[in-house]
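S.K.: Below you'll find the structure I mean.
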Amino acid sequence: MDNRDLLVEVKDLKTYFYLDEGVVQAVDGAAFDIRRGETLGVVGESGCGKSVTARSIMRIVARPGRIVGGQILYHRPGNGNGRQQTIDLTSLNPQSYEMRTIRGAEISMIFQEPMTSLSPVHTIGDQIGEVIRLHQGVDKDESRQKTIDMLDFVGMPLPDRTIDQYAHQLSGGMRQRAMIAMALSCHPSLLIADEPTTALDVTTEAQILRLMHRLQDELGMAILFITHNLGVIAQMTEKVVVMYMGKVVEQGDVDTIFHGGMHPYTRALLESIPRLGQKTRDRRRLAAIRGMVPDPYALPRGCAFHPRCSFMKPGLCDTTAPSMQEVEPGHKVRCARYTEIW
Amino acid sequence: MIKYILKRVLMMIPTLIVISMISFVVIQLPPGDYLTSYAASLRQEGDRVDEAELEMLARRYGLGQPAYVQYYKWVSGIILRGDWGQSMEWRRPVRDLLWERMALTVAISSISIIVSWFVAIPVGVFSATHQYSVPDYLFSSLSFIGAGLPGFMIALVVMWIAMRQFGLNVGGLFSPEFIGAPWSWPKVVDLLQHLWIPVVVIALGSTAGSIRTTRANVLDEMNKPYVETARAKGLKERKLIWKYPVRVAMNPFFSTVGWTLASLVSGQTLVAVVLSLQTIGPMMLRALTSQDMYLAGSFLLLLSTLTVIGTLISDILLAWVDPRIRMEG
């Protein structure tokens, strides 16, 4: 078992969007823990609630979305005196001073599209220096020096020139480096990375992933890594949370999930990864998960996955919502039939 | 940046040449030449026609000679001597008439535009950040009414209120005793007392439109990922709204400076007629209706030139505020 200190505990988090068409239960009872310095992967299809979970932790869920239930306990590391403080982020006003001192400084985030996530009309240095001045209370000259150091730290070539450049003058990889420099400039204890490499080509993706590994080794922050790419999960994370329709359907350490995944959805995801050489060996078509993600306004009764599941048992899966079962310590699965089907 | 500006300035030249040709054609459009009608109108009013003066004018403007000679004389007169020709209705050089009114026109219009931006931008931003709230609906309704009501109607209503309720002396820019009087301190005070009505009326119309533009632009920008990035930094909401989406949403304002400059001078003609302002609009209208062609042609040339210069200013401003455009130039 992992005995590192808990950093963030997400408990039964519910974030709903109140739209004219109805209520979308984007996150509906998500629960997981993040320990200090660990990397937790969150995986799932588009619309499964991964990004909303991340934004809930940051408290930047956009209207008409709202956290309606659950807790996000943030165990704030003590400043040298060893005493830590526990804050329920869901109880804070998103605009409050306390939340704003946490957001961007202690918990920071990088986004999917580094081009559009940077302002087109402000220089890189302006946007990074702003965070440093905001949270560290330093003057312009000092923040400029710190920005250059930070750009250098994330492997930006010619940092003292790049600092005065605009997003459109940089390549995709450089932009994401700038975003990472911005997010890490105040040495957060948790970095949330929302599909940070999805918009990049594979070579650049590999560079950014290596960079994040190195930075984590040096700075020791925890990373919540959101992606739909299982390859990236395998490479980057220690533990994995699999989400489906706003719920965590399986969680465990990365080896368990990849080699002993229990939930039919996890299995289906794994089978949909193309492997080199696979076709010549067993002449099999690449498995796709059949069906579509359900309509978020009308979730199926029972287990949300049952219309797409090959092990669906009428009268059980389509009537009762399964609860989270502990298979072994640290490995949980939300499936009524996991003992029967494997 | 300097290269970009130079390029733009050079590109203006052919446009200006074409504009001057069109203006010249307009001057030539009415049947008969200008001198004949000038002499006719003099005779009609019983004035003595000075043949020597007519002769001098004919030589100066190349009348009776081929069109290209006349065109050349007209254009070179403007460029080299600042001679815009002769207004037959006013019997004065066009130049004198133009500059007299230009200053007042630019003053009134620029004050109105600044006033309208000072109102429209904060209101538009508020409407966007409080979308679908009661104040948003209120501002939206007001701005639709403002945009829908014709300016001369607002002018009439404001004049009526000012006169009936406050007993103010309305209409015109000066009290009668100051019209034509040399500039003095009391005249300036008098101008300021009269100025607010045209400023309010002209500003109202453009404020309504600017509120809608600001609101729509800010709404567009507010959902962009870079705003979320700014929020994720822990910035205060108000600060980040003004620094990021509003900043980007202002770009269209800079790009409309081009048209604004021309409408500064010619726009609001109806309002100016109703309020009897001594601005350029009513004068141009009169020049057109009375076929005072040198005057009308000069206005046409001036307004088109202002549009071209305005576009140049827009381009430079946009390049200055938007680094993405700077790069392409």
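In the structure tokens, chains take the letters A, B, ... in the order shown, each chain's residues start at 1, and ligands count up from 1 in the order shown.
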Taking only C-alpha atoms into account, what are the residues of chain B at most 12 Å from chain A, put as an NGL selection string?

M.R.: :B and (129-131 or 221-240 or 243-251 or 318-328)

S.K.: Run DSSP on the backbone of this structure and report the residues of segment 65-137 of chain A it assigns to helix (DSSP H, G or I), as an NGL selection string.

M.R.: :A and (89-91 or 97-102 or 124-136)

S.K.: Could you check which of A:Arg63, A:Arg275, A:Arg334, A:Lys313 is closest to Val249 of chain A, using only C-alpha atoms?

M.R.: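 The answer is A:Arg334, which sits nearest to Val249 of chain A.
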
S.K.: When distances are computed from only C-alpha atoms, which of B:Arg286, B:Leu295, B:Thr105, B:Leu29 shows the smallest separation from Ile202 of chain B?

M.R.: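 When distances to Ile202 of chain B are compared using only C-alpha atoms, the smallest one comes from B:Thr105.
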
S.K.: Excluding Ser76 of chain B and its own-chain neighbours fewer than 4 positions away, which residues fall within 12 Å of it when counting only C-alpha atoms? Please give them as a ChimeraX atom specification.

M.R.: /B:17,20,60-62,68-72,80-85

S.K.: Hey, can you spit out that residue selection with N, CA and C atoms as a PDB file, in the first residue's frame?

M.R.:
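Written output follows (out_33.pdb):
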```
ATOM      1  N   ILE B  17      -6.142  58.786 -56.280  1.00  0.00           N
ATOM      2  CA  ILE B  17      -6.240  59.298 -57.652  1.00  0.00           C
ATOM      3  C   ILE B  17      -7.595  58.939 -58.253  1.00  0.00           C
ATOM      4  N   SER B  20     -10.312  61.082 -56.791  1.00  0.00           N
ATOM      5  CA  SER B  20     -10.347  62.455 -57.290  1.00  0.00           C
ATOM      6  C   SER B  20     -10.979  62.490 -58.684  1.00  0.00           C
ATOM      7  N   ARG B  60      -8.369  80.143 -64.768  1.00  0.00           N
ATOM      8  CA  ARG B  60      -7.854  79.409 -63.619  1.00  0.00           C
ATOM      9  C   ARG B  60      -8.313  77.939 -63.623  1.00  0.00           C
ATOM     10  N   TYR B  61      -9.570  77.713 -64.008  1.00  0.00           N
ATOM     11  CA  TYR B  61     -10.081  76.345 -63.958  1.00  0.00           C
ATOM     12  C   TYR B  61     -10.079  75.674 -65.318  1.00  0.00           C
ATOM     13  N   GLY B  62      -9.493  76.353 -66.325  1.00  0.00           N
ATOM     14  CA  GLY B  62      -9.349  75.743 -67.639  1.00  0.00           C
ATOM     15  C   GLY B  62     -10.676  75.464 -68.301  1.00  0.00           C
ATOM     16  N   TYR B  68      -9.394  66.654 -69.482  1.00  0.00           N
ATOM     17  CA  TYR B  68      -8.209  66.308 -68.701  1.00  0.00           C
ATOM     18  C   TYR B  68      -7.453  67.555 -68.253  1.00  0.00           C
ATOM     19  N   VAL B  69      -7.524  68.625 -69.059  1.00  0.00           N
ATOM     20  CA  VAL B  69      -6.874  69.870 -68.645  1.00  0.00           C
ATOM     21  C   VAL B  69      -7.593  70.447 -67.426  1.00  0.00           C
ATOM     22  N   GLN B  70      -8.931  70.423 -67.502  1.00  0.00           N
ATOM     23  CA  GLN B  70      -9.709  70.925 -66.371  1.00  0.00           C
ATOM     24  C   GLN B  70      -9.420  70.117 -65.113  1.00  0.00           C
ATOM     25  N   TYR B  71      -9.370  68.808 -65.293  1.00  0.00           N
ATOM     26  CA  TYR B  71      -9.108  67.928 -64.156  1.00  0.00           C
ATOM     27  C   TYR B  71      -7.762  68.271 -63.543  1.00  0.00           C
ATOM     28  N   TYR B  72      -6.761  68.424 -64.450  1.00  0.00           N
ATOM     29  CA  TYR B  72      -5.421  68.713 -63.959  1.00  0.00           C
ATOM     30  C   TYR B  72      -5.407  70.033 -63.192  1.00  0.00           C
ATOM     31  N   LEU B  80      -1.501  72.115 -54.885  1.00  0.00           N
ATOM     32  CA  LEU B  80      -0.412  73.098 -54.831  1.00  0.00           C
ATOM     33  C   LEU B  80      -0.813  74.383 -54.125  1.00  0.00           C
ATOM     34  N   ARG B  81      -2.079  74.831 -54.344  1.00  0.00           N
ATOM     35  CA  ARG B  81      -2.443  76.132 -53.797  1.00  0.00           C
ATOM     36  C   ARG B  81      -3.523  76.032 -52.731  1.00  0.00           C
ATOM     37  N   GLY B  82      -4.011  74.815 -52.478  1.00  0.00           N
ATOM     38  CA  GLY B  82      -5.106  74.699 -51.517  1.00  0.00           C
ATOM     39  C   GLY B  82      -6.367  75.358 -52.051  1.00  0.00           C
ATOM     40  N   ASP B  83      -6.472  75.449 -53.361  1.00  0.00           N
ATOM     41  CA  ASP B  83      -7.625  76.110 -53.978  1.00  0.00           C
ATOM     42  C   ASP B  83      -8.640  75.049 -54.383  1.00  0.00           C
ATOM     43  N   TRP B  84      -9.759  74.985 -53.669  1.00  0.00           N
ATOM     44  CA  TRP B  84     -10.742  73.932 -53.919  1.00  0.00           C
ATOM     45  C   TRP B  84     -11.796  74.389 -54.915  1.00  0.00           C
ATOM     46  N   GLY B  85     -11.628  75.546 -55.491  1.00  0.00           N
ATOM     47  CA  GLY B  85     -12.637  76.021 -56.433  1.00  0.00           C
ATOM     48  C   GLY B  85     -13.538  77.057 -55.774  1.00  0.00           C
TER      49      GLY B  85
END
```

S.K.: Applying 10 Å and only C-alpha atoms, which residues near Ser140 of chain B remain after dropping the ones on its own chain fewer than 5 positions away? List them as a ChimeraX atom specification.

M.R.: /B:123-124,127,132,134-135,145-146,208,211-212,215

S.K.: Write to file, as a PDB file, in the first residue's frame, the residues of the selection just made, with N, CA, C and O atoms.

M.R.:
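Written out: part.pdb:
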```pdb
ATOM      1  N   VAL B 123     -20.970  49.388 -20.321  1.00  0.00           N
ATOM      2  CA  VAL B 123     -22.305  48.782 -20.326  1.00  0.00           C
ATOM      3  C   VAL B 123     -22.287  47.469 -21.112  1.00  0.00           C
ATOM      4  O   VAL B 123     -22.838  46.458 -20.670  1.00  0.00           O
ATOM      5  N   GLY B 124     -21.613  47.470 -22.260  1.00  0.00           N
ATOM      6  CA  GLY B 124     -21.533  46.251 -23.066  1.00  0.00           C
ATOM      7  C   GLY B 124     -20.839  45.124 -22.329  1.00  0.00           C
ATOM      8  O   GLY B 124     -21.284  43.976 -22.364  1.00  0.00           O
ATOM      9  N   SER B 127     -23.163  43.841 -19.654  1.00  0.00           N
ATOM     10  CA  SER B 127     -24.212  43.014 -20.254  1.00  0.00           C
ATOM     11  C   SER B 127     -23.680  41.622 -20.588  1.00  0.00           C
ATOM     12  O   SER B 127     -24.366  40.627 -20.387  1.00  0.00           O
ATOM     13  N   TYR B 132     -28.253  37.538 -19.793  1.00  0.00           N
ATOM     14  CA  TYR B 132     -29.599  37.093 -19.425  1.00  0.00           C
ATOM     15  C   TYR B 132     -30.015  37.492 -18.025  1.00  0.00           C
ATOM     16  O   TYR B 132     -30.951  36.932 -17.474  1.00  0.00           O
ATOM     17  N   VAL B 134     -31.448  40.608 -15.408  1.00  0.00           N
ATOM     18  CA  VAL B 134     -32.415  41.692 -15.605  1.00  0.00           C
ATOM     19  C   VAL B 134     -31.737  42.949 -16.180  1.00  0.00           C
ATOM     20  O   VAL B 134     -32.212  43.509 -17.165  1.00  0.00           O
ATOM     21  N   PRO B 135     -30.605  43.398 -15.591  1.00  0.00           N
ATOM     22  CA  PRO B 135     -29.977  44.587 -16.195  1.00  0.00           C
ATOM     23  C   PRO B 135     -29.566  44.367 -17.645  1.00  0.00           C
ATOM     24  O   PRO B 135     -29.674  45.283 -18.468  1.00  0.00           O
ATOM     25  N   ILE B 145     -33.935  50.196 -28.690  1.00  0.00           N
ATOM     26  CA  ILE B 145     -34.731  51.408 -28.922  1.00  0.00           C
ATOM     27  C   ILE B 145     -33.824  52.512 -29.461  1.00  0.00           C
ATOM     28  O   ILE B 145     -34.144  53.179 -30.446  1.00  0.00           O
ATOM     29  N   GLY B 146     -32.657  52.665 -28.824  1.00  0.00           N
ATOM     30  CA  GLY B 146     -31.724  53.706 -29.250  1.00  0.00           C
ATOM     31  C   GLY B 146     -31.284  53.512 -30.687  1.00  0.00           C
ATOM     32  O   GLY B 146     -31.178  54.466 -31.461  1.00  0.00           O
ATOM     33  N   ALA B 208     -25.908  53.040 -28.708  1.00  0.00           N
ATOM     34  CA  ALA B 208     -26.764  51.866 -28.800  1.00  0.00           C
ATOM     35  C   ALA B 208     -26.082  50.772 -29.605  1.00  0.00           C
ATOM     36  O   ALA B 208     -25.988  49.623 -29.165  1.00  0.00           O
ATOM     37  N   ILE B 211     -22.960  49.332 -27.801  1.00  0.00           N
ATOM     38  CA  ILE B 211     -23.265  48.413 -26.698  1.00  0.00           C
ATOM     39  C   ILE B 211     -23.464  47.010 -27.255  1.00  0.00           C
ATOM     40  O   ILE B 211     -22.916  46.029 -26.739  1.00  0.00           O
ATOM     41  N   ARG B 212     -24.245  46.924 -28.348  1.00  0.00           N
ATOM     42  CA  ARG B 212     -24.507  45.610 -28.938  1.00  0.00           C
ATOM     43  C   ARG B 212     -23.198  44.961 -29.418  1.00  0.00           C
ATOM     44  O   ARG B 212     -22.963  43.780 -29.207  1.00  0.00           O
ATOM     45  N   ARG B 215     -21.054  43.880 -26.432  1.00  0.00           N
ATOM     46  CA  ARG B 215     -21.628  42.721 -25.748  1.00  0.00           C
ATOM     47  C   ARG B 215     -21.360  41.452 -26.558  1.00  0.00           C
ATOM     48  O   ARG B 215     -20.876  40.447 -26.022  1.00  0.00           O
TER      49      ARG B 215
END
```

S.K.: Excluding His187 of chain A and its own-chain neighbours fewer than 5 positions away, which residues fall within 8 Å of it when counting only C-alpha atoms? Please give them as a list in words.

M.R.: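 Residues near the query, excluding close chain neighbours: Ala105, Glu106, Leu219 and Met221 of chain A.
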
S.K.: So the first atom is atom CA of Arg4 of chain A and the second is atom CA of Arg36 of chain A; what is the distance between them in Å, to one decimal place?

M.R.: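 Atom CA of Arg4 of chain A sits 6.2 Å away from atom CA of Arg36 of chain A.
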